[in-house]
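Structure file upload.cif (mmCIF, C-alpha atoms) follows.
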data_coords
loop_
_atom_site.label_atom_id
_atom_site.label_comp_id
_atom_site.auth_asym_id
_atom_site.auth_seq_id
_atom_site.Cartn_x
_atom_site.Cartn_y
_atom_site.Cartn_z
CA MET A 1 -35.25 36.58 87.73
CA PRO A 2 -36.94 39.91 86.98
CA ASN A 3 -40.68 40.00 86.68
CA PRO A 4 -41.81 39.51 83.06
CA PRO A 5 -43.40 42.43 81.27
CA HIS A 6 -47.16 42.43 81.01
CA HIS A 7 -49.97 44.61 79.75
CA GLY A 8 -52.68 45.91 82.03
CA PRO A 9 -53.41 45.02 85.67
CA SER A 10 -52.28 41.74 87.20
CA VAL A 11 -54.74 38.84 87.12
CA ALA A 12 -55.02 35.62 89.08
CA LEU A 13 -53.17 32.62 87.69
CA PRO A 14 -55.14 29.65 86.33
CA PRO A 15 -56.00 26.97 88.90
CA LEU A 16 -53.75 24.00 89.61
CA LEU A 17 -54.31 20.80 87.65
CA ASP A 18 -56.41 18.48 89.78
CA ALA A 19 -54.97 15.06 90.65
CA ALA A 20 -57.88 13.40 88.84
CA GLU A 21 -57.31 15.41 85.64
CA HIS A 22 -55.02 14.41 82.76
CA TRP A 23 -52.95 16.89 80.79
CA PHE A 24 -53.16 14.89 77.56
CA ALA A 25 -56.25 13.56 75.79
CA ILE A 26 -55.73 10.55 73.52
CA GLU A 27 -58.19 9.59 70.79
CA GLN A 28 -57.88 6.43 68.70
CA HIS A 29 -58.67 7.29 65.07
CA ARG A 30 -57.87 3.82 63.77
CA PRO A 31 -55.51 1.02 64.85
CA ASP A 32 -52.44 2.73 63.39
CA LEU A 33 -53.30 6.34 64.26
CA LYS A 34 -53.86 8.23 67.51
CA LEU A 35 -54.62 11.91 68.04
CA ILE A 36 -53.13 13.52 71.14
CA THR A 37 -54.16 16.97 72.34
CA GLU A 38 -53.68 19.21 75.38
CA PRO A 39 -57.27 20.04 76.45
CA HIS A 40 -56.21 22.55 79.12
CA VAL A 41 -54.55 24.70 76.46
CA ASP A 42 -56.50 27.42 74.64
CA GLU A 43 -57.64 26.47 71.13
CA PHE A 44 -55.18 28.94 69.61
CA LEU A 45 -52.23 26.89 70.92
CA ARG A 46 -53.92 23.48 71.21
CA ALA A 47 -52.11 21.57 68.49
CA ASN A 48 -53.02 18.16 67.09
CA LEU A 49 -50.23 15.66 67.75
CA TRP A 50 -50.53 12.62 65.50
CA LEU A 51 -48.98 9.30 66.55
CA VAL A 52 -48.60 7.04 63.50
CA ARG A 53 -47.73 3.37 63.98
CA GLY A 54 -46.41 1.22 61.14
CA THR A 55 -45.49 -2.45 61.24
CA ASP A 56 -41.82 -1.60 61.81
CA SER A 57 -41.77 1.67 63.73
CA SER A 58 -43.80 4.60 65.03
CA LEU A 59 -43.62 8.34 64.44
CA LEU A 60 -44.97 11.29 66.40
CA ILE A 61 -45.94 14.29 64.26
CA ASP A 62 -45.49 17.38 66.46
CA CYS A 63 -45.15 17.25 70.24
CA GLY A 64 -47.02 20.13 71.87
CA LEU A 65 -45.95 22.80 74.31
CA GLY A 66 -43.87 20.73 76.71
CA ILE A 67 -45.69 22.06 79.77
CA VAL A 68 -46.05 18.46 80.97
CA PRO A 69 -43.52 15.90 79.62
CA ILE A 70 -44.96 13.96 76.69
CA ALA A 71 -42.05 11.69 75.75
CA PRO A 72 -42.72 9.21 78.61
CA ARG A 73 -46.37 8.97 77.56
CA ILE A 74 -45.38 8.30 73.95
CA ALA A 75 -42.96 5.57 75.08
CA GLU A 76 -45.81 3.93 76.99
CA LEU A 77 -48.01 3.97 73.89
CA THR A 78 -45.37 2.69 71.47
CA GLY A 79 -43.32 0.41 73.73
CA GLY A 80 -40.23 2.57 73.46
CA PRO A 81 -38.89 5.89 72.18
CA CYS A 82 -39.82 7.07 68.70
CA PRO A 83 -38.78 10.04 66.56
CA VAL A 84 -40.75 13.26 66.44
CA VAL A 85 -41.23 15.14 63.17
CA LEU A 86 -41.80 18.87 63.62
CA THR A 87 -44.09 20.36 61.00
CA HIS A 88 -42.59 23.71 62.00
CA GLY A 89 -40.84 25.36 64.93
CA HIS A 90 -43.64 27.18 66.75
CA LEU A 91 -44.02 26.50 70.46
CA ASP A 92 -47.36 24.67 70.21
CA HIS A 93 -45.86 22.13 67.80
CA ALA A 94 -42.24 21.95 68.94
CA GLY A 95 -42.21 22.97 72.60
CA ALA A 96 -41.49 19.44 73.84
CA ALA A 97 -38.97 18.57 71.13
CA HIS A 98 -36.05 18.73 73.57
CA GLU A 99 -37.47 15.62 75.30
CA PHE A 100 -36.80 13.40 72.27
CA SER A 101 -33.53 11.80 71.21
CA GLU A 102 -34.61 11.86 67.54
CA VAL A 103 -35.93 15.22 66.30
CA TRP A 104 -36.62 15.58 62.58
CA GLY A 105 -37.63 18.72 60.74
CA HIS A 106 -36.60 21.39 58.25
CA GLU A 107 -33.45 23.29 59.12
CA ALA A 108 -35.12 26.67 58.45
CA ASP A 109 -37.30 26.14 61.54
CA GLU A 110 -34.72 24.57 63.86
CA THR A 111 -34.97 25.82 67.46
CA ARG A 112 -31.36 26.70 68.20
CA SER A 113 -31.79 28.88 71.29
CA GLU A 114 -34.13 29.38 74.22
CA ARG A 115 -37.35 31.24 73.56
CA ARG A 116 -39.00 32.85 76.57
CA LEU A 117 -42.64 33.62 75.96
CA SER A 118 -45.63 34.55 78.06
CA LEU A 119 -48.81 32.49 77.97
CA ARG A 120 -50.81 35.42 79.23
CA THR A 121 -53.13 36.20 76.34
CA ALA A 122 -52.40 39.93 76.09
CA ASP A 123 -48.62 39.44 76.23
CA HIS A 124 -48.65 36.63 73.68
CA ALA A 125 -50.85 38.60 71.28
CA ALA A 126 -48.50 41.58 71.55
CA ASP A 127 -45.46 39.39 70.85
CA LEU A 128 -47.12 38.06 67.68
CA GLY A 129 -48.47 41.43 66.56
CA LEU A 130 -52.06 40.17 66.83
CA SER A 131 -55.12 41.52 68.60
CA GLN A 132 -56.03 39.83 71.86
CA ALA A 133 -59.63 39.39 70.70
CA GLY A 134 -58.50 37.71 67.49
CA LEU A 135 -56.09 35.42 69.29
CA SER A 136 -58.35 33.90 71.94
CA ALA A 137 -61.83 33.87 73.35
CA GLY A 138 -60.62 32.01 76.43
CA GLY A 139 -59.82 34.90 78.74
CA ASP A 140 -56.63 36.16 80.35
CA TRP A 141 -54.55 33.01 79.92
CA LEU A 142 -53.77 30.57 77.11
CA VAL A 143 -53.94 27.71 79.60
CA SER A 144 -56.86 26.85 81.88
CA ARG A 145 -54.72 24.87 84.34
CA ILE A 146 -51.13 24.95 85.55
CA PRO A 147 -49.30 21.67 86.28
CA ALA A 148 -47.58 22.71 89.53
CA GLU A 149 -47.87 25.51 92.08
CA ASN A 150 -44.53 27.04 91.12
CA TRP A 151 -45.19 26.93 87.35
CA ASP A 152 -45.64 30.47 86.01
CA PRO A 153 -47.32 30.75 82.60
CA ARG A 154 -45.75 34.19 82.14
CA ARG A 155 -42.33 32.51 82.02
CA TYR A 156 -42.94 29.75 79.52
CA LEU A 157 -39.64 28.52 78.07
CA GLN A 158 -39.19 26.78 74.72
CA ARG A 159 -35.89 24.97 74.98
CA PRO A 160 -33.41 24.42 72.14
CA ALA A 161 -34.00 21.23 70.17
CA PRO A 162 -31.22 20.57 67.64
CA LEU A 163 -32.40 18.48 64.72
CA THR A 164 -30.96 15.00 64.43
CA ARG A 165 -32.30 14.63 60.88
CA ARG A 166 -32.82 17.53 58.50
CA LEU A 167 -35.72 16.74 56.24
CA VAL A 168 -35.98 18.09 52.71
CA ASP A 169 -38.72 18.03 50.13
CA GLY A 170 -39.15 14.56 48.67
CA ASP A 171 -37.72 12.60 51.60
CA CYS A 172 -39.65 9.44 52.46
CA ILE A 173 -40.28 8.09 55.95
CA ASP A 174 -41.06 4.36 55.82
CA LEU A 175 -42.70 3.01 58.98
CA GLY A 176 -43.54 -0.37 57.50
CA GLY A 177 -46.82 -0.44 55.59
CA ILE A 178 -47.02 3.37 55.86
CA ARG A 179 -44.86 5.64 53.73
CA LEU A 180 -44.93 9.37 54.42
CA GLU A 181 -43.56 11.76 51.81
CA VAL A 182 -42.08 15.02 53.05
CA LEU A 183 -43.46 18.16 51.41
CA HIS A 184 -41.65 21.43 52.13
CA LEU A 185 -44.43 24.04 52.06
CA PRO A 186 -43.11 27.42 53.24
CA GLY A 187 -45.38 30.36 53.94
CA HIS A 188 -46.65 30.06 57.50
CA THR A 189 -42.98 29.68 58.42
CA PRO A 190 -39.92 29.21 56.17
CA GLY A 191 -39.50 25.57 57.25
CA SER A 192 -43.12 24.42 57.31
CA LEU A 193 -43.56 20.77 56.36
CA ALA A 194 -46.44 18.41 55.66
CA LEU A 195 -46.34 14.62 55.48
CA TYR A 196 -48.24 13.01 52.63
CA ASP A 197 -49.49 9.42 52.68
CA ARG A 198 -49.95 9.02 48.95
CA ARG A 199 -51.51 5.55 49.21
CA ARG A 200 -54.30 6.74 51.49
CA GLY A 201 -54.48 10.24 50.02
CA GLU A 202 -53.98 11.73 53.49
CA LEU A 203 -52.04 14.86 54.35
CA PHE A 204 -50.69 15.59 57.83
CA SER A 205 -50.63 19.32 57.23
CA GLY A 206 -49.36 20.97 60.42
CA ASP A 207 -50.18 24.67 60.17
CA VAL A 208 -49.85 24.83 56.40
CA ILE A 209 -53.61 24.40 56.19
CA TYR A 210 -56.43 23.90 58.68
CA ASP A 211 -60.12 24.82 58.72
CA ASP A 212 -59.86 28.38 59.99
CA ASP A 213 -58.26 31.68 59.01
CA LEU A 214 -54.71 30.86 57.93
CA LEU A 215 -52.10 32.73 59.94
CA ASP A 216 -49.79 34.50 57.51
CA SER A 217 -49.01 37.79 59.30
CA LEU A 218 -46.24 36.60 61.64
CA PRO A 219 -42.77 38.11 61.26
CA GLU A 220 -41.51 34.88 59.64
CA SER A 221 -44.52 34.42 57.32
CA ASP A 222 -44.38 34.91 53.56
CA ILE A 223 -47.68 35.28 51.70
CA THR A 224 -46.15 34.79 48.25
CA ALA A 225 -44.56 31.51 49.33
CA TYR A 226 -47.78 30.52 51.09
CA ARG A 227 -49.78 30.96 47.89
CA ARG A 228 -47.32 28.73 45.99
CA SER A 229 -47.51 26.07 48.68
CA LEU A 230 -51.30 26.04 48.70
CA ARG A 231 -51.47 25.78 44.92
CA ARG A 232 -49.15 22.79 45.15
CA ILE A 233 -51.38 21.10 47.73
CA ARG A 234 -54.44 21.75 45.58
CA SER A 235 -52.84 19.89 42.67
CA LEU A 236 -52.36 16.68 44.68
CA PRO A 237 -54.97 13.90 44.89
CA ILE A 238 -55.55 14.48 48.61
CA ARG A 239 -58.70 12.89 49.99
CA ARG A 240 -58.37 13.81 53.68
CA VAL A 241 -56.44 16.41 55.66
CA LEU A 242 -55.26 15.70 59.21
CA PRO A 243 -54.40 19.24 60.30
CA GLY A 244 -52.29 20.72 63.08
CA HIS A 245 -55.38 22.35 64.64
CA GLY A 246 -59.07 21.54 64.58
CA SER A 247 -60.91 18.67 62.94
CA PRO A 248 -59.92 16.67 59.83
CA PHE A 249 -61.64 17.61 56.59
CA ASP A 250 -62.13 16.26 53.09
CA ARG A 251 -60.94 17.23 49.61
CA LEU A 252 -63.91 19.49 48.91
CA ARG A 253 -63.28 21.54 52.05
CA LEU A 254 -59.55 21.61 51.28
CA HIS A 255 -60.22 23.23 47.94
CA GLU A 256 -62.70 25.69 49.46
CA ILE A 257 -60.15 26.86 52.04
CA ILE A 258 -57.39 27.21 49.46
CA ASP A 259 -59.55 29.00 46.88
CA ALA A 260 -60.83 31.46 49.50
CA TYR A 261 -57.27 32.24 50.61
CA LEU A 262 -56.02 32.74 47.06
CA ILE A 263 -58.85 35.17 46.35
CA LEU A 264 -58.31 37.02 49.63
CA THR A 265 -54.56 37.49 49.03
CA ALA A 266 -54.70 38.18 45.28
#

Starting from the file, give its structure as structure tokens.
Amino acid sequence: MPNPPHHGPSVALPPLLDAAEHWFAIEQHRPDLKLITEPHVDEFLRANLWLVRGTDSSLLIDCGLGIVPIAPRIAELTGGPCPVVLTHGHLDHAGAAHEFSEVWGHEADETRSERRLSLRTADHAADLGLSQAGLSAGGDWLVSRIPAENWDPRRYLQRPAPLTRRLVDGDCIDLGGIRLEVLHLPGHTPGSLALYDRRRGELFSGDVIYDDDLLDSLPESDITAYRRSLRRIRSLPIRRVLPGHGSPFDRLRLHEIIDAYLILTA
């Protein structure tokens, strides 16, 4: 395999994951909800993976980069395999999707072919058309550890993950005691989804909205569609947002983020 392209001088790879360290961090939010993250991944790519457990079945919302297999860990937590819903097709949310037998998402974001990407910060920023400084404050790499000596972060591979269920706006996922309504909210990507628990007033928002600058300058982004999607969210009686990155936030903060974006992009 030829050496991958890179910008600037070569730099040392991140250190190997220590035997005493865990790749995944698991936080219990309440009895039916766990938050899973990858703490050795830079904040830019450190997605929130939400494991929701109803009385009948469980659901994983997004699955992370796939650097270390997550499906076996999910099976341990749930007692067996469960579907994964992809809020969109980006590597930090869908990189491990190929590990699951049931992959649900919007067809516009289906990962149909291999995507080879570098996790060196400068390379990744260049691929996205972003500045390195704006992408990360973590240094040369988007990971602080590597899982094995022969694992090269410059050759990260997102594998194809054909959807087994194509979700559309208005679909309902019933887990038993928890009903999640599918909202198709394009803008960040054409197939971006959120899952809305109308009873609790909670929104699992993926990258549609989070408490930071919203990323709308990617080749697949559409600011006009994004504005429509955010206006739609603002009209709903949402009490709490469980985002794809960062900490949850309340309705007041939701409206502040949306209003600031609408003014900025007017």

Practice item. Tell me which residues the PyMOL selection byres ((chain A and resi 202-206) around 8) grabs here, as a list of chain:residue names. Key: A:Thr87, A:His88, A:Ser192, A:Leu193, A:Ala194, A:Leu195, A:Tyr196, A:Asp197, A:Arg198, A:Arg199, A:Arg200, A:Gly201, A:Asp207, A:Val208, A:Ile209, A:Tyr210, A:Ile238, A:Arg239, A:Arg240, A:Val241, A:Leu242, A:Pro243, A:Gly244, A:His245

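Counting all atoms listed in the file, the residue from A:Ala266, A:Val85, A:Val68, A:Ile223 that sits nearest to Glu107 (chain A) is A:Val85.
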
What are the closest atom pairs, with distances in Å to one decimal, for each residue of region 117-189 of chain A lying within 6 Å of region 32-52 of chain A, using all atoms listed in the file, rows by chain and rising residue number, as a Markdown table?
| residue | atom | partner | partner_atom | distance |
| --- | --- | --- | --- | --- |
| A:Leu142 | CA | A:Asp42 | CA | 4.8 |
| A:Val143 | CA | A:Val41 | CA | 4.4 |
| A:Ser144 | CA | A:His40 | CA | 5.2 |
| A:Arg145 | CA | A:His40 | CA | 5.9 |

Please dump the current selection as a CSV table (one decimal), in the frame of the given file; keep C-alpha atoms.
chain,number,residue,atom,x,y,z
A,142,LEU,CA,-53.8,30.6,77.1
A,143,VAL,CA,-53.9,27.7,79.6
A,144,SER,CA,-56.9,26.8,81.9
A,145,ARG,CA,-54.7,24.9,84.3

**Study point:** Reference answer for the PyMOL selection byres ((chain A and resi 158) around 6), as a PyMOL selection string
**Key:** chain A and resi 95+114-115+157+159

Review point. If you measure from CA of Thr121 (chain A) to CA of Val84 (chain A), what distance in Å do you get, rounded to one decimal?
Key: 27.9 Å

Exercise for review: Please indicate the distance in Å from CA of Leu117 (chain A) to CA of Arg155 (chain A), rounded to one decimal place.
Suggested key: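 The value is 6.2 Å.
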
Review point. Of the candidates A:Leu185, A:Ala97, A:Ser247, A:His22, which one gets nearest to Ile233 (chain A) if we count only C-alpha atoms?
Key: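 Of A:Leu185, A:Ala97, A:Ser247, A:His22, the one nearest Ile233 (chain A), counting only C-alpha atoms, is A:Leu185.
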
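Proximity of A:Ile178, A:Leu183, A:Cys63, A:Leu91 to Arg232 (chain A), computed with only C-alpha atoms, is greatest for A:Leu183.
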
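Going from CA of Gly79 (chain A) to CA of Gly54 (chain A) covers 13.0 Å.
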
Starting from the displayed file, determine the output of the PyMOL selection byres ((chain A and resi 119) around 6) and express the residue list as a PDB file with C-alpha atoms, keeping the file's coordinate frame.
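The result, written out as expr_25.pdb:
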ATOM      1  CA  SER A 118     -45.630  34.550  78.060  1.00  0.00           C
ATOM      2  CA  ARG A 120     -50.810  35.420  79.230  1.00  0.00           C
ATOM      3  CA  THR A 121     -53.130  36.200  76.340  1.00  0.00           C
ATOM      4  CA  HIS A 124     -48.650  36.630  73.680  1.00  0.00           C
ATOM      5  CA  LEU A 142     -53.770  30.570  77.110  1.00  0.00           C
ATOM      6  CA  PRO A 153     -47.320  30.750  82.600  1.00  0.00           C
ATOM      7  CA  ARG A 154     -45.750  34.190  82.140  1.00  0.00           C
TER       8      ARG A 154
END

Review point. Hey, what's within 6 Å of His93 (chain A) if we count all atoms listed in the file and toss same-chain stuff fewer than 3 positions away? As a list in words, please?
Key: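 Residues meeting the cut-off are Asp62, Cys63, Gly64 and His90 of chain A.
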
Check your understanding: Nearest to His29 (chain A) among A:Arg53, A:Arg112, A:Leu236, A:Asp171, with distances taken over all atoms listed in the file: which residue is it?
Key -> A:Arg53

**Study point:** Proximity to Ala148 (chain A) - best of A:Ile67, A:Val103, A:Leu60, A:Pro190, only C-alpha atoms
**Key:**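 Under the stated criterion, the closest residue is A:Ile67.
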
Exercise for review: Considering all atoms listed in the file, state which residue in the set A:His106, A:Asp56, A:Trp141, A:Ala75 is at the smallest distance from Ala122 (chain A).
Suggested key: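 Of A:His106, A:Asp56, A:Trp141, A:Ala75, the one nearest Ala122 (chain A), counting all atoms listed in the file, is A:Trp141.
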
Quick one: everything within 8 Å of Thr189 (chain A), counting only C-alpha atoms, minus sequence neighbours fewer than 4 positions away in the same chain. Send it as a PDB file with C-alpha atoms, in the coordinates of the input.
ATOM      1  CA  HIS A  88     -42.590  23.710  62.000  1.00  0.00           C
ATOM      2  CA  ASP A 109     -37.300  26.140  61.540  1.00  0.00           C
ATOM      3  CA  GLU A 220     -41.510  34.880  59.640  1.00  0.00           C
ATOM      4  CA  SER A 221     -44.520  34.420  57.320  1.00  0.00           C
ATOM      5  CA  ASP A 222     -44.380  34.910  53.560  1.00  0.00           C
TER       6      ASP A 222
END

Check your understanding: Need the neighbours of (-45.0, 28.6, 50.4): which residues are at most 6 Å away, counting all atoms listed in the file, as a PyMOL selection string?
Key -> chain A and resi 185-187+225-229

Put those residues in a file: C-alpha atoms, as a short mmCIF file (atom, residue, chain, number, x, y, z; two decimals), in the frame of the given file.
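Final output, saved to part_32.cif:
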data_model
loop_
_atom_site.label_atom_id
_atom_site.label_comp_id
_atom_site.auth_asym_id
_atom_site.auth_seq_id
_atom_site.Cartn_x
_atom_site.Cartn_y
_atom_site.Cartn_z
CA LEU A 185 -44.43 24.04 52.06
CA PRO A 186 -43.11 27.42 53.24
CA GLY A 187 -45.38 30.36 53.94
CA ALA A 225 -44.56 31.51 49.33
CA TYR A 226 -47.78 30.52 51.09
CA ARG A 227 -49.78 30.96 47.89
CA ARG A 228 -47.32 28.73 45.99
CA SER A 229 -47.51 26.07 48.68
#
